[in-house]
Amino acid sequence: LASAPPGPGPACTRVLRRLPKMPLGLLGSAAFYLASSAGMSILNKLAVTALPLPVTLVVIQMAFTTATTLCGWRLIHIGSLRDALRWGCTVPLLFNAMLVSSMFAMRHNTLGTIAVFRNIAPLFTLAIERVFRVPIEVDGPTIASLLTIVLGVGIYHAASIQFSRVGLTAIGVNIVFAVLERILQRYLLAQEPVDLSKPGMMLLNNAVGIAINGVLLVAFGEAWSAGAADGEPPALGSVLWGLTLGQWGA
């Protein structure tokens, strides 16, 4: 008997079997989040170039987000004080650290450099999730696809990649905070879920962040420099775009 032609390998078969099961809503949310994230990076770079006060820009973004969230107060749901404390005493700290370090990274690096290093972050996320035994399936094709993305982004941005000691430090710190924030957020959303609506999470993230940044404004000497540069248009663009990123990211 003639042997049947070889079919796709087990790894390819597993990937193909997953595709039909992906809901369109998940794909749409992921695509919109990617577009929002890319737009946010561009606008933040423009904003921090026009107004070189990273903490001040984060405060402007958080104040705007808090105000617009409160305008839709009927959508804010906080199930219990315990859930509010579980979220409010953990996620906003890392969320704020991620945003502030991201602004410093934007100020001292090109967008190409940041894009390459941000695509390396998922590899660290997978490693940390394995350490904390997060129930997520990781196989060879997943790792290979992430490495391929990093290679492709590196080639695309090769001409614009620039390195400096301050810039690399800012990127490294930002990646650490971003990875930890995403893991903790995922834990409180998927594994030990809190009874909070998305607007409730956004309100806690930004309200607590404003309080923390009040100290950072003084520590970095920005409290007396807020009017030193003209950056209103890109700053306004970044806060408006940030609303979409916060909504679809959750």
# chains A, B, ... in the order shown; residues from 1 in each chain; ligands from 1

call {"tool": "residues_around", "arguments": {"residues": "range 100-102 of chain A", "least_positions_apart": "2", "cutoff": "7 Å", "atoms": "only C-alpha atoms", "output": "number ranges by chain"}}
result
A: 54-55, 58, 96-98, 104-106, 170, 173-174

call {"tool": "write_last_selection", "arguments": {"atoms": "C-alpha atoms", "output": "short mmCIF file (atom, residue, chain, number, x, y, z; two decimals), in the first residue's frame"}}
result
data_model
loop_
_atom_site.label_atom_id
_atom_site.label_comp_id
_atom_site.auth_asym_id
_atom_site.auth_seq_id
_atom_site.Cartn_x
_atom_site.Cartn_y
_atom_site.Cartn_z
CA PRO A 54 8.13 62.87 32.55
CA VAL A 55 6.36 62.81 35.92
CA VAL A 58 2.03 61.19 33.74
CA ASN A 96 2.51 54.13 38.11
CA ALA A 97 6.11 52.91 38.18
CA MET A 98 5.62 51.48 34.68
CA PHE A 104 11.93 58.43 31.13
CA ALA A 105 12.69 55.71 28.57
CA MET A 106 10.87 57.73 25.89
CA ALA A 170 15.38 53.36 31.85
CA VAL A 173 13.59 49.34 34.72
CA ASN A 174 10.47 49.88 32.60
#

call {"tool": "residues_around", "arguments": {"residues": "Gly88 in chain A", "least_positions_apart": "2", "cutoff": "9 Å", "atoms": "only C-alpha atoms", "output": "MDAnalysis selection string"}}
result
chainID A and resid 83:86 90:93 201 204:205 208

call {"tool": "closest_residue", "arguments": {"among": "A:Ala31, A:Cys89, A:Leu217, A:Gly200", "to": "Leu70 in chain A", "atoms": "only C-alpha atoms"}}
result
A:Gly200

call {"tool": "residues_around", "arguments": {"residues": "Thr66 in chain A", "least_positions_apart": "3", "cutoff": "7 Å", "atoms": "only C-alpha atoms", "output": "list in words"}}
result
Met62, Ala63, Thr69, Leu70, Leu203, Asn206 and Ala207 of chain A

call {"tool": "write_last_selection", "arguments": {"atoms": "C-alpha atoms", "output": "CSV table (one decimal), in the first residue's frame"}}
result
chain,number,residue,atom,x,y,z
A,62,MET,CA,-3.8,60.4,35.2
A,63,ALA,CA,-5.8,63.5,36.1
A,69,THR,CA,-13.9,58.1,34.5
A,70,LEU,CA,-15.8,60.0,37.3
A,203,LEU,CA,-10.1,55.0,38.8
A,206,ASN,CA,-5.0,56.7,38.3
A,207,ALA,CA,-6.2,58.2,41.6

call {"tool": "atom_distance", "arguments": {"atom1": "CA of Ile183 in chain A", "atom2": "CA of Thr125 in chain A"}}
result
7.5 Å

call {"tool": "select_by_dssp", "arguments": {"residues": "range 19-247 of chain A", "states": "helix (DSSP H, G or I)", "output": "JSON, numbers by chain"}}
result
{"A": [19, 20, 21, 24, 25, 26, 27, 28, 29, 30, 31, 32, 33, 34, 35, 36, 37, 38, 39, 40, 41, 42, 43, 44, 45, 46, 47, 48, 49, 50, 54, 55, 56, 57, 58, 59, 60, 61, 62, 63, 64, 65, 66, 67, 68, 69, 70, 71, 73, 74, 75, 81, 82, 83, 84, 85, 86, 87, 88, 91, 92, 93, 94, 95, 96, 97, 98, 99, 100, 101, 102, 103, 104, 105, 106, 107, 108, 111, 112, 113, 114, 115, 116, 117, 118, 121, 122, 123, 124, 125, 126, 127, 128, 129, 130, 131, 140, 141, 142, 143, 144, 145, 146, 147, 148, 149, 150, 151, 152, 153, 154, 155, 156, 158, 159, 160, 165, 166, 167, 168, 169, 170, 171, 172, 173, 174, 175, 176, 177, 178, 179, 180, 181, 182, 183, 184, 185, 186, 187, 188, 189, 190, 191, 198, 199, 200, 201, 202, 203, 204, 205, 206, 207, 208, 209, 210, 211, 212, 213, 214, 215, 216, 217, 218, 219, 232, 233, 234, 235, 236, 237, 238, 239, 240, 241, 242, 243, 244, 245, 246, 247]}

call {"tool": "decode", "arguments": {"residues": "range 12-158 of chain A", "atoms": "C-alpha atoms", "output": "PDB file, in the first residue's frame"}}
result
ATOM      1  CA  CYS A  12       1.562  22.883  13.665  1.00  0.00           C
ATOM      2  CA  THR A  13      -1.540  20.800  14.293  1.00  0.00           C
ATOM      3  CA  ARG A  14      -1.916  22.200  17.802  1.00  0.00           C
ATOM      4  CA  VAL A  15      -1.607  25.760  16.495  1.00  0.00           C
ATOM      5  CA  LEU A  16      -4.176  25.171  13.736  1.00  0.00           C
ATOM      6  CA  ARG A  17      -6.611  23.613  16.171  1.00  0.00           C
ATOM      7  CA  ARG A  18      -6.472  26.691  18.369  1.00  0.00           C
ATOM      8  CA  LEU A  19      -7.282  29.185  15.616  1.00  0.00           C
ATOM      9  CA  PRO A  20     -10.993  28.346  15.069  1.00  0.00           C
ATOM     10  CA  LYS A  21     -11.591  28.508  18.829  1.00  0.00           C
ATOM     11  CA  MET A  22     -10.465  32.137  19.130  1.00  0.00           C
ATOM     12  CA  PRO A  23     -13.548  34.367  19.530  1.00  0.00           C
ATOM     13  CA  LEU A  24     -13.750  37.349  17.225  1.00  0.00           C
ATOM     14  CA  GLY A  25     -14.193  39.643  20.219  1.00  0.00           C
ATOM     15  CA  LEU A  26     -10.808  38.583  21.597  1.00  0.00           C
ATOM     16  CA  LEU A  27      -9.100  39.108  18.243  1.00  0.00           C
ATOM     17  CA  GLY A  28     -10.753  42.512  17.849  1.00  0.00           C
ATOM     18  CA  SER A  29      -9.752  43.606  21.349  1.00  0.00           C
ATOM     19  CA  ALA A  30      -6.169  42.459  20.810  1.00  0.00           C
ATOM     20  CA  ALA A  31      -5.947  44.273  17.463  1.00  0.00           C
ATOM     21  CA  PHE A  32      -7.389  47.482  18.906  1.00  0.00           C
ATOM     22  CA  TYR A  33      -5.027  47.273  21.881  1.00  0.00           C
ATOM     23  CA  LEU A  34      -2.032  46.901  19.557  1.00  0.00           C
ATOM     24  CA  ALA A  35      -3.112  49.941  17.542  1.00  0.00           C
ATOM     25  CA  SER A  36      -3.718  51.970  20.718  1.00  0.00           C
ATOM     26  CA  SER A  37      -0.355  50.937  22.176  1.00  0.00           C
ATOM     27  CA  ALA A  38       1.512  51.953  19.022  1.00  0.00           C
ATOM     28  CA  GLY A  39      -0.280  55.299  18.862  1.00  0.00           C
ATOM     29  CA  MET A  40       0.376  55.901  22.550  1.00  0.00           C
ATOM     30  CA  SER A  41       4.122  55.356  22.083  1.00  0.00           C
ATOM     31  CA  ILE A  42       4.273  57.902  19.264  1.00  0.00           C
ATOM     32  CA  LEU A  43       2.242  60.528  21.116  1.00  0.00           C
ATOM     33  CA  ASN A  44       4.173  60.020  24.349  1.00  0.00           C
ATOM     34  CA  LYS A  45       7.440  60.506  22.476  1.00  0.00           C
ATOM     35  CA  LEU A  46       6.138  63.753  20.975  1.00  0.00           C
ATOM     36  CA  ALA A  47       4.826  64.902  24.346  1.00  0.00           C
ATOM     37  CA  VAL A  48       8.000  64.202  26.337  1.00  0.00           C
ATOM     38  CA  THR A  49      10.071  65.878  23.611  1.00  0.00           C
ATOM     39  CA  ALA A  50       7.951  69.039  23.728  1.00  0.00           C
ATOM     40  CA  LEU A  51       7.568  68.959  27.516  1.00  0.00           C
ATOM     41  CA  PRO A  52      10.617  67.196  29.026  1.00  0.00           C
ATOM     42  CA  LEU A  53       8.974  66.618  32.402  1.00  0.00           C
ATOM     43  CA  PRO A  54       8.134  62.874  32.547  1.00  0.00           C
ATOM     44  CA  VAL A  55       6.361  62.806  35.920  1.00  0.00           C
ATOM     45  CA  THR A  56       4.346  65.921  35.080  1.00  0.00           C
ATOM     46  CA  LEU A  57       3.103  64.309  31.866  1.00  0.00           C
ATOM     47  CA  VAL A  58       2.026  61.188  33.743  1.00  0.00           C
ATOM     48  CA  VAL A  59       0.139  63.346  36.255  1.00  0.00           C
ATOM     49  CA  ILE A  60      -1.639  65.160  33.405  1.00  0.00           C
ATOM     50  CA  GLN A  61      -2.646  61.830  31.862  1.00  0.00           C
ATOM     51  CA  MET A  62      -3.833  60.403  35.181  1.00  0.00           C
ATOM     52  CA  ALA A  63      -5.780  63.522  36.145  1.00  0.00           C
ATOM     53  CA  PHE A  64      -7.552  63.546  32.775  1.00  0.00           C
ATOM     54  CA  THR A  65      -8.351  59.831  33.002  1.00  0.00           C
ATOM     55  CA  THR A  66      -9.634  60.176  36.578  1.00  0.00           C
ATOM     56  CA  ALA A  67     -11.881  63.097  35.602  1.00  0.00           C
ATOM     57  CA  THR A  68     -13.355  61.352  32.559  1.00  0.00           C
ATOM     58  CA  THR A  69     -13.876  58.138  34.538  1.00  0.00           C
ATOM     59  CA  LEU A  70     -15.766  60.024  37.252  1.00  0.00           C
ATOM     60  CA  CYS A  71     -17.992  61.556  34.547  1.00  0.00           C
ATOM     61  CA  GLY A  72     -19.268  58.031  33.934  1.00  0.00           C
ATOM     62  CA  TRP A  73     -19.639  57.268  37.635  1.00  0.00           C
ATOM     63  CA  ARG A  74     -22.620  54.976  37.014  1.00  0.00           C
ATOM     64  CA  LEU A  75     -20.244  52.482  35.377  1.00  0.00           C
ATOM     65  CA  ILE A  76     -17.917  52.380  38.385  1.00  0.00           C
ATOM     66  CA  HIS A  77     -18.453  49.236  40.423  1.00  0.00           C
ATOM     67  CA  ILE A  78     -16.428  48.268  43.495  1.00  0.00           C
ATOM     68  CA  GLY A  79     -17.774  45.077  45.007  1.00  0.00           C
ATOM     69  CA  SER A  80     -16.165  45.292  48.416  1.00  0.00           C
ATOM     70  CA  LEU A  81     -13.566  47.181  50.412  1.00  0.00           C
ATOM     71  CA  ARG A  82     -11.399  44.062  50.413  1.00  0.00           C
ATOM     72  CA  ASP A  83     -11.340  43.903  46.622  1.00  0.00           C
ATOM     73  CA  ALA A  84     -10.634  47.629  46.419  1.00  0.00           C
ATOM     74  CA  LEU A  85      -7.678  47.224  48.783  1.00  0.00           C
ATOM     75  CA  ARG A  86      -6.411  44.112  47.003  1.00  0.00           C
ATOM     76  CA  TRP A  87      -6.270  46.052  43.767  1.00  0.00           C
ATOM     77  CA  GLY A  88      -5.560  49.563  45.049  1.00  0.00           C
ATOM     78  CA  CYS A  89      -2.602  48.613  47.246  1.00  0.00           C
ATOM     79  CA  THR A  90      -0.815  46.550  44.598  1.00  0.00           C
ATOM     80  CA  VAL A  91      -1.554  47.181  40.917  1.00  0.00           C
ATOM     81  CA  PRO A  92      -1.497  51.030  40.978  1.00  0.00           C
ATOM     82  CA  LEU A  93       2.011  51.014  42.490  1.00  0.00           C
ATOM     83  CA  LEU A  94       3.423  48.968  39.615  1.00  0.00           C
ATOM     84  CA  PHE A  95       1.167  50.728  37.086  1.00  0.00           C
ATOM     85  CA  ASN A  96       2.506  54.129  38.107  1.00  0.00           C
ATOM     86  CA  ALA A  97       6.107  52.913  38.175  1.00  0.00           C
ATOM     87  CA  MET A  98       5.621  51.485  34.682  1.00  0.00           C
ATOM     88  CA  LEU A  99       4.232  54.755  33.286  1.00  0.00           C
ATOM     89  CA  VAL A 100       6.861  56.993  34.878  1.00  0.00           C
ATOM     90  CA  SER A 101       9.772  54.751  33.837  1.00  0.00           C
ATOM     91  CA  SER A 102       8.231  54.553  30.350  1.00  0.00           C
ATOM     92  CA  MET A 103       8.284  58.353  30.074  1.00  0.00           C
ATOM     93  CA  PHE A 104      11.934  58.433  31.134  1.00  0.00           C
ATOM     94  CA  ALA A 105      12.686  55.707  28.570  1.00  0.00           C
ATOM     95  CA  MET A 106      10.868  57.726  25.895  1.00  0.00           C
ATOM     96  CA  ARG A 107      12.889  60.809  26.772  1.00  0.00           C
ATOM     97  CA  HIS A 108      16.298  59.121  26.531  1.00  0.00           C
ATOM     98  CA  ASN A 109      15.734  56.643  23.651  1.00  0.00           C
ATOM     99  CA  THR A 110      14.479  56.484  20.099  1.00  0.00           C
ATOM    100  CA  LEU A 111      11.156  54.807  19.363  1.00  0.00           C
ATOM    101  CA  GLY A 112      13.005  52.099  17.442  1.00  0.00           C
ATOM    102  CA  THR A 113      15.082  51.160  20.471  1.00  0.00           C
ATOM    103  CA  ILE A 114      12.004  51.037  22.700  1.00  0.00           C
ATOM    104  CA  ALA A 115      10.057  48.944  20.169  1.00  0.00           C
ATOM    105  CA  VAL A 116      12.803  46.301  20.020  1.00  0.00           C
ATOM    106  CA  PHE A 117      13.153  45.979  23.786  1.00  0.00           C
ATOM    107  CA  ARG A 118       9.405  45.923  24.395  1.00  0.00           C
ATOM    108  CA  ASN A 119       9.122  42.909  22.133  1.00  0.00           C
ATOM    109  CA  ILE A 120      11.708  41.145  24.273  1.00  0.00           C
ATOM    110  CA  ALA A 121       9.554  41.650  27.405  1.00  0.00           C
ATOM    111  CA  PRO A 122       7.147  38.724  26.695  1.00  0.00           C
ATOM    112  CA  LEU A 123      10.076  36.308  26.925  1.00  0.00           C
ATOM    113  CA  PHE A 124      10.792  37.537  30.455  1.00  0.00           C
ATOM    114  CA  THR A 125       7.066  37.373  31.242  1.00  0.00           C
ATOM    115  CA  LEU A 126       6.885  33.709  30.254  1.00  0.00           C
ATOM    116  CA  ALA A 127       9.934  32.886  32.358  1.00  0.00           C
ATOM    117  CA  ILE A 128       8.511  34.641  35.434  1.00  0.00           C
ATOM    118  CA  GLU A 129       5.105  32.993  34.942  1.00  0.00           C
ATOM    119  CA  ARG A 130       6.790  29.600  34.910  1.00  0.00           C
ATOM    120  CA  VAL A 131       8.575  30.449  38.174  1.00  0.00           C
ATOM    121  CA  PHE A 132       5.266  31.425  39.819  1.00  0.00           C
ATOM    122  CA  ARG A 133       3.536  28.407  38.223  1.00  0.00           C
ATOM    123  CA  VAL A 134       0.971  30.451  36.363  1.00  0.00           C
ATOM    124  CA  PRO A 135      -1.259  27.999  34.444  1.00  0.00           C
ATOM    125  CA  ILE A 136      -0.349  28.954  30.896  1.00  0.00           C
ATOM    126  CA  GLU A 137       0.713  26.661  28.058  1.00  0.00           C
ATOM    127  CA  VAL A 138       4.142  27.421  26.616  1.00  0.00           C
ATOM    128  CA  ASP A 139       5.646  25.307  23.863  1.00  0.00           C
ATOM    129  CA  GLY A 140       8.334  25.467  21.213  1.00  0.00           C
ATOM    130  CA  PRO A 141       6.253  27.237  18.545  1.00  0.00           C
ATOM    131  CA  THR A 142       5.308  29.953  21.060  1.00  0.00           C
ATOM    132  CA  ILE A 143       8.942  30.673  21.898  1.00  0.00           C
ATOM    133  CA  ALA A 144       9.923  30.502  18.218  1.00  0.00           C
ATOM    134  CA  SER A 145       7.205  32.984  17.238  1.00  0.00           C
ATOM    135  CA  LEU A 146       8.303  35.453  19.941  1.00  0.00           C
ATOM    136  CA  LEU A 147      11.933  35.209  18.836  1.00  0.00           C
ATOM    137  CA  THR A 148      10.856  35.723  15.222  1.00  0.00           C
ATOM    138  CA  ILE A 149       8.965  38.877  16.215  1.00  0.00           C
ATOM    139  CA  VAL A 150      12.005  40.241  18.049  1.00  0.00           C
ATOM    140  CA  LEU A 151      14.214  39.514  15.031  1.00  0.00           C
ATOM    141  CA  GLY A 152      11.743  41.129  12.618  1.00  0.00           C
ATOM    142  CA  VAL A 153      11.297  44.250  14.746  1.00  0.00           C
ATOM    143  CA  GLY A 154      15.065  44.502  15.202  1.00  0.00           C
ATOM    144  CA  ILE A 155      15.656  44.376  11.454  1.00  0.00           C
ATOM    145  CA  TYR A 156      12.877  46.910  10.770  1.00  0.00           C
ATOM    146  CA  HIS A 157      14.211  49.411  13.328  1.00  0.00           C
ATOM    147  CA  ALA A 158      17.919  48.673  12.833  1.00  0.00           C
TER     148      ALA A 158
END
